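**Student:** Contents of protein-v3.cif (mmCIF, C-alpha atoms) are below:
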```cif
data_input
loop_
_atom_site.label_atom_id
_atom_site.label_comp_id
_atom_site.auth_asym_id
_atom_site.auth_seq_id
_atom_site.Cartn_x
_atom_site.Cartn_y
_atom_site.Cartn_z
CA SER A 1 -31.39 27.94 -22.65
CA GLU A 2 -33.42 25.34 -24.49
CA ILE A 3 -32.52 22.79 -27.11
CA GLN A 4 -35.49 21.29 -28.96
CA GLY A 5 -37.84 21.79 -26.02
CA THR A 6 -35.42 20.33 -23.45
CA LYS A 7 -34.15 22.64 -20.74
CA VAL A 8 -30.36 22.66 -20.65
CA ILE A 9 -28.71 23.57 -17.38
CA LEU A 10 -25.30 24.95 -18.23
CA PRO A 11 -22.31 24.86 -15.90
CA PRO A 12 -21.71 27.89 -13.68
CA VAL A 13 -20.93 31.15 -15.48
CA GLY A 14 -17.34 31.46 -16.68
CA MET A 15 -16.70 27.70 -16.65
CA THR A 16 -16.48 25.37 -19.60
CA VAL A 17 -17.45 21.73 -19.62
CA ALA A 18 -14.44 19.42 -19.61
CA PRO A 19 -13.90 17.36 -22.77
CA LEU A 20 -15.05 13.76 -22.52
CA GLY A 21 -11.66 12.44 -23.61
CA ARG A 22 -9.86 13.95 -20.63
CA ARG A 23 -12.69 12.87 -18.34
CA SER A 24 -12.39 9.30 -19.60
CA LEU A 25 -8.62 9.22 -19.15
CA ALA A 26 -8.95 10.67 -15.64
CA CYS A 27 -11.61 8.05 -14.84
CA VAL A 28 -9.30 5.20 -15.86
CA LEU A 29 -6.34 6.64 -13.94
CA ASP A 30 -8.49 7.24 -10.84
CA PHE A 31 -9.68 3.65 -10.96
CA ILE A 32 -6.06 2.46 -11.04
CA LEU A 33 -5.02 4.81 -8.22
CA ALA A 34 -7.97 3.77 -6.06
CA TYR A 35 -7.15 0.12 -6.69
CA PHE A 36 -3.57 0.59 -5.47
CA LEU A 37 -4.87 2.48 -2.45
CA ALA A 38 -7.32 -0.35 -1.74
CA LEU A 39 -4.84 -3.23 -2.06
CA PRO A 40 -3.27 -2.93 1.42
CA ILE A 41 -6.68 -2.41 3.01
CA LEU A 42 -8.12 -5.41 1.18
CA GLY A 43 -5.08 -7.50 2.08
CA VAL A 44 -5.49 -6.78 5.78
CA VAL A 45 -9.25 -7.38 5.75
CA MET A 46 -8.93 -10.61 3.80
CA THR A 47 -6.09 -11.90 5.98
CA LEU A 48 -7.84 -11.10 9.27
CA TYR A 49 -11.37 -12.16 8.44
CA MET A 50 -10.91 -14.76 5.69
CA PRO A 51 -7.73 -16.64 6.52
CA ASP A 52 -8.17 -19.28 3.81
CA TRP A 53 -8.71 -16.84 0.91
CA GLU A 54 -5.21 -17.37 -0.53
CA THR A 55 -5.72 -21.13 -0.66
CA LEU A 56 -9.03 -20.69 -2.47
CA VAL A 57 -7.57 -18.26 -4.99
CA TRP A 58 -4.65 -20.57 -5.77
CA GLN A 59 -7.00 -23.54 -6.02
CA VAL A 60 -9.14 -21.73 -8.57
CA PHE A 61 -6.16 -20.52 -10.63
CA LEU A 62 -4.21 -23.78 -10.50
CA GLN A 63 -7.24 -25.91 -11.33
CA PRO A 64 -9.16 -23.70 -13.76
CA ASN A 65 -11.43 -26.53 -14.90
CA GLY A 66 -12.05 -27.90 -11.42
CA PRO A 67 -15.01 -27.07 -9.20
CA ILE A 68 -14.97 -23.62 -7.64
CA PRO A 69 -15.60 -23.73 -3.89
CA PRO A 70 -18.76 -21.82 -2.90
CA GLN A 71 -16.93 -19.68 -0.37
CA PHE A 72 -14.77 -18.31 -3.22
CA TYR A 73 -17.81 -16.44 -4.54
CA HIS A 74 -18.51 -15.11 -1.06
CA TYR A 75 -14.93 -13.84 -0.77
CA ALA A 76 -15.09 -12.30 -4.24
CA MET A 77 -18.30 -10.48 -3.30
CA VAL A 78 -16.79 -9.18 -0.06
CA PHE A 79 -13.60 -8.14 -1.88
CA GLY A 80 -15.61 -6.33 -4.58
CA SER A 81 -17.91 -4.61 -2.09
CA ILE A 82 -14.99 -3.30 -0.04
CA PHE A 83 -13.24 -2.08 -3.18
CA TYR A 84 -16.37 -0.29 -4.42
CA LEU A 85 -16.78 1.40 -1.04
CA ILE A 86 -13.14 2.50 -1.11
CA LEU A 87 -13.59 3.79 -4.68
CA ALA A 88 -16.68 5.81 -3.66
CA LEU A 89 -14.85 7.24 -0.61
CA TYR A 90 -11.75 7.99 -2.72
CA GLN A 91 -13.87 9.99 -5.15
CA ALA A 92 -15.92 11.68 -2.41
CA GLY A 93 -12.95 12.60 -0.25
CA PHE A 94 -10.92 14.18 -3.02
CA HIS A 95 -13.89 15.96 -4.60
CA ALA A 96 -15.07 17.39 -1.28
CA ALA A 97 -11.59 18.42 -0.15
CA HIS A 98 -10.07 19.67 -3.42
CA GLY A 99 -12.77 19.57 -6.09
CA GLN A 100 -10.67 17.07 -8.00
CA THR A 101 -9.00 13.71 -7.66
CA PRO A 102 -5.28 13.31 -8.40
CA ALA A 103 -6.08 12.11 -11.92
CA LYS A 104 -8.43 15.04 -12.57
CA ALA A 105 -5.66 17.39 -11.42
CA ILE A 106 -3.26 15.77 -13.89
CA PHE A 107 -5.76 16.22 -16.73
CA GLY A 108 -6.74 19.76 -15.72
CA ILE A 109 -10.37 19.17 -14.81
CA ARG A 110 -12.42 19.47 -11.64
CA VAL A 111 -15.87 18.82 -10.22
CA VAL A 112 -18.06 21.73 -9.16
CA ASP A 113 -21.59 22.19 -7.87
CA GLN A 114 -24.21 24.54 -9.37
CA ASN A 115 -22.48 27.51 -7.74
CA GLY A 116 -19.04 26.74 -9.16
CA ARG A 117 -17.60 25.54 -5.84
CA LYS A 118 -16.25 22.17 -4.88
CA PRO A 119 -19.13 19.94 -3.82
CA ALA A 120 -20.03 19.37 -0.18
CA PHE A 121 -19.12 15.93 1.14
CA TYR A 122 -22.67 14.58 0.96
CA LYS A 123 -22.91 15.60 -2.72
CA ALA A 124 -19.46 14.23 -3.42
CA PHE A 125 -20.39 10.96 -1.71
CA LEU A 126 -23.63 10.74 -3.72
CA ARG A 127 -21.57 11.31 -6.85
CA GLY A 128 -19.11 8.61 -5.78
CA LEU A 129 -21.91 6.13 -5.12
CA GLY A 130 -23.46 6.98 -8.48
CA PHE A 131 -20.06 6.43 -10.09
CA VAL A 132 -19.77 3.00 -8.47
CA VAL A 133 -23.30 2.03 -9.51
CA SER A 134 -22.51 3.15 -13.06
CA TYR A 135 -19.37 1.03 -13.07
CA TYR A 136 -21.30 -1.91 -11.65
CA PHE A 137 -23.71 -1.71 -14.60
CA TYR A 138 -20.85 -2.18 -17.08
CA GLY A 139 -20.34 1.56 -17.44
CA ILE A 140 -23.55 2.06 -19.40
CA PRO A 141 -24.68 5.10 -17.31
CA PHE A 142 -21.34 6.79 -18.12
CA PHE A 143 -22.32 6.95 -21.77
CA TYR A 144 -25.18 9.30 -21.01
CA ALA A 145 -22.55 12.07 -21.04
CA PHE A 146 -22.06 11.49 -24.77
CA PHE A 147 -25.73 12.10 -25.54
CA ASN A 148 -26.72 15.11 -23.47
CA PRO A 149 -25.68 18.68 -24.26
CA GLU A 150 -24.43 19.30 -20.72
CA ARG A 151 -21.97 16.39 -21.01
CA ARG A 152 -23.01 15.17 -17.57
CA ALA A 153 -22.95 11.48 -16.69
CA ALA A 154 -25.64 9.89 -14.53
CA HIS A 155 -23.61 10.40 -11.34
CA ASP A 156 -23.32 14.13 -12.13
CA PHE A 157 -27.10 14.42 -12.35
CA ILE A 158 -27.53 12.49 -9.10
CA ALA A 159 -25.22 14.86 -7.22
CA GLY A 160 -25.96 18.08 -9.12
CA THR A 161 -22.35 18.44 -10.22
CA TYR A 162 -20.46 19.38 -13.38
CA VAL A 163 -17.01 18.43 -14.60
CA VAL A 164 -15.29 21.55 -15.90
CA ASN A 165 -11.85 22.68 -17.00
CA ALA A 166 -9.72 23.59 -13.99
#
```
Could you express the structure from this file as structure tokens?
**Tutor:**
Amino acid sequence: SEIQGTKVILPPVGMTVAPLGRRSLACVLDFILAYFLALPILGVVMTLYMPDWETLVWQVFLQPNGPIPPQFYHYAMVFGSIFYLILALYQAGFHAAHGQTPAKAIFGIRVVDQNGRKPAFYKAFLRGLGFVVSYYFYGIPFFYAFFNPERRAAHDFIAGTYVVNA
């Protein structure tokens, strides 16, 4: 079908696009769940490879107006990078295995490919990376879903996926 000269690719036959409200709530809950999953991993990595990270964190919080040691920024970048990788793998693993993350299951939505099936791992991983990049850019690419008739965010276009009612 076409809307004002723009080709609209609808979700697979018999499926309806999930409402943005439920998608947004599932996104927030997934972020929280992934964070709790990542905490033990991050704790182990930081303790093994950056033994002075706790001292730096306390120094920054106890002396908020004091100078921030340069290695604190390095640790924050490593911490963030590991978390983003875990978030992308969390999304990819659940989408490839079940077509939905735990939060999407709670809100009754799932991710499908053009054929209405759960996405292959490589597509799910592309979607997860696109999700992380969107988050990294202050969530601005997420808002594309509000302005296109397919209600697909940037990461859905990257992976060729749709979010539909389960």
**Student:** Report the residues retrieved by the PyMOL selection byres ((chain A and resi 130) around 12) from the displayed file, expressed as a ChimeraX atom specification.
**Tutor:** /A:84-85,87-89,91-92,123-129,131-137,139-142,153-161
**Student:** Since we have the selection now, will you write its residues out, keeping C-alpha atoms, as a PDB file, in the coordinates of the input?
**Tutor:**
```pdb
ATOM      1  CA  TYR A  84     -16.370  -0.290  -4.420  1.00  0.00           C
ATOM      2  CA  LEU A  85     -16.780   1.400  -1.040  1.00  0.00           C
ATOM      3  CA  LEU A  87     -13.590   3.790  -4.680  1.00  0.00           C
ATOM      4  CA  ALA A  88     -16.680   5.810  -3.660  1.00  0.00           C
ATOM      5  CA  LEU A  89     -14.850   7.240  -0.610  1.00  0.00           C
ATOM      6  CA  GLN A  91     -13.870   9.990  -5.150  1.00  0.00           C
ATOM      7  CA  ALA A  92     -15.920  11.680  -2.410  1.00  0.00           C
ATOM      8  CA  LYS A 123     -22.910  15.600  -2.720  1.00  0.00           C
ATOM      9  CA  ALA A 124     -19.460  14.230  -3.420  1.00  0.00           C
ATOM     10  CA  PHE A 125     -20.390  10.960  -1.710  1.00  0.00           C
ATOM     11  CA  LEU A 126     -23.630  10.740  -3.720  1.00  0.00           C
ATOM     12  CA  ARG A 127     -21.570  11.310  -6.850  1.00  0.00           C
ATOM     13  CA  GLY A 128     -19.110   8.610  -5.780  1.00  0.00           C
ATOM     14  CA  LEU A 129     -21.910   6.130  -5.120  1.00  0.00           C
ATOM     15  CA  PHE A 131     -20.060   6.430 -10.090  1.00  0.00           C
ATOM     16  CA  VAL A 132     -19.770   3.000  -8.470  1.00  0.00           C
ATOM     17  CA  VAL A 133     -23.300   2.030  -9.510  1.00  0.00           C
ATOM     18  CA  SER A 134     -22.510   3.150 -13.060  1.00  0.00           C
ATOM     19  CA  TYR A 135     -19.370   1.030 -13.070  1.00  0.00           C
ATOM     20  CA  TYR A 136     -21.300  -1.910 -11.650  1.00  0.00           C
ATOM     21  CA  PHE A 137     -23.710  -1.710 -14.600  1.00  0.00           C
ATOM     22  CA  GLY A 139     -20.340   1.560 -17.440  1.00  0.00           C
ATOM     23  CA  ILE A 140     -23.550   2.060 -19.400  1.00  0.00           C
ATOM     24  CA  PRO A 141     -24.680   5.100 -17.310  1.00  0.00           C
ATOM     25  CA  PHE A 142     -21.340   6.790 -18.120  1.00  0.00           C
ATOM     26  CA  ALA A 153     -22.950  11.480 -16.690  1.00  0.00           C
ATOM     27  CA  ALA A 154     -25.640   9.890 -14.530  1.00  0.00           C
ATOM     28  CA  HIS A 155     -23.610  10.400 -11.340  1.00  0.00           C
ATOM     29  CA  ASP A 156     -23.320  14.130 -12.130  1.00  0.00           C
ATOM     30  CA  PHE A 157     -27.100  14.420 -12.350  1.00  0.00           C
ATOM     31  CA  ILE A 158     -27.530  12.490  -9.100  1.00  0.00           C
ATOM     32  CA  ALA A 159     -25.220  14.860  -7.220  1.00  0.00           C
ATOM     33  CA  GLY A 160     -25.960  18.080  -9.120  1.00  0.00           C
ATOM     34  CA  THR A 161     -22.350  18.440 -10.220  1.00  0.00           C
TER      35      THR A 161
END
```
**Student:** Decode the PyMOL selection byres ((chain A and resi 13) around 10) for the given file into explicit residues and return them as a PyMOL selection string.
**Tutor:** chain A and resi 10-12+14-16+114-116
**Student:** Just give me the gap between CA of Ile82 in chain A and CA of Val28 in chain A in Å, one decimal is fine.
**Tutor:** 18.8 Å
**Student:** Taking into account all atoms listed in the file, which residue in the set A:Val164, A:Ala18, A:Leu56, A:Ile86 is nearest to Ala34 in chain A?
**Tutor:**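 Selected residue with least distance to Ala34 in chain A: A:Ile86.
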**Student:** Restricting the calculation to all atoms listed in the file, which member of A:Asn165, A:Phe83, A:Gly93, A:Glu54 is positioned closest to Pro40 in chain A?
**Tutor:**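 Closest candidate: A:Phe83.
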**Student:** Which residue is closest to Arg110 in chain A? Choose from A:Ala97, A:Ala38, A:Ile68, A:Ala166 and count only C-alpha atoms.
**Tutor:** A:Ala166
**Student:** Output as a Markdown table one row per residue of range 37-57 of chain A within 8 Å of range 72-78 of chain A: the closest atom pair and its distance in Å to one decimal place, counting all atoms listed in the file, sorted by chain and residue number ascending.
**Tutor:**
```
| residue | atom | partner | partner_atom | distance |
| --- | --- | --- | --- | --- |
| A:Met50 | CA | A:Tyr75 | CA | 7.7 |
| A:Trp53 | CA | A:Tyr75 | CA | 7.1 |
| A:Leu56 | CA | A:Phe72 | CA | 6.3 |
| A:Val57 | CA | A:Phe72 | CA | 7.4 |
```
**Student:** For the file shown, report as a ChimeraX atom specification the outcome of the PyMOL selection byres ((chain A and resi 25) around 12) at residue level.
**Tutor:** /A:18-24,26-32,102-109
**Student:** Taking all atoms listed in the file into account, which of A:Ala120, A:Val17, A:Val60, A:Leu48 comes nearest Ala145 in chain A?
**Tutor:**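 Counting all atoms listed in the file, the residue closest to Ala145 in chain A is A:Val17.
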**Student:** Which one of A:Tyr144, A:Tyr35, A:Tyr122, A:Trp58 sits closest to Gly80 in chain A if you count only C-alpha atoms?
**Tutor:**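 Among A:Tyr144, A:Tyr35, A:Tyr122, A:Trp58, it is A:Tyr35 that comes nearest to Gly80 in chain A.
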**Student:** Give me, please, the distance in Å between CA of Gly66 in chain A and CA of Val45 in chain A, quoted to one decimal.
**Tutor:**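 Atom-to-atom, CA of Gly66 in chain A and CA of Val45 in chain A are spaced 26.9 Å apart.
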**Student:** What's the separation between CA of Asp52 in chain A and CA of Tyr90 in chain A, in Å to one decimal place?
**Tutor:** 28.3 Å
**Student:** Neighbouring residues of Gly99 in chain A were defined as those with any atom within 8 Å, considering all atoms listed in the file; residues of the same chain fewer than 4 positions away were excluded. Please report them as an NGL selection string.
**Tutor:** :A and (94-95 or 110-112 or 117-119)
**Student:** Nearest residue to Ser81 in chain A out of A:Phe147, A:Phe121, A:Leu42, A:Leu33, using all atoms listed in the file?
**Tutor:** A:Leu42
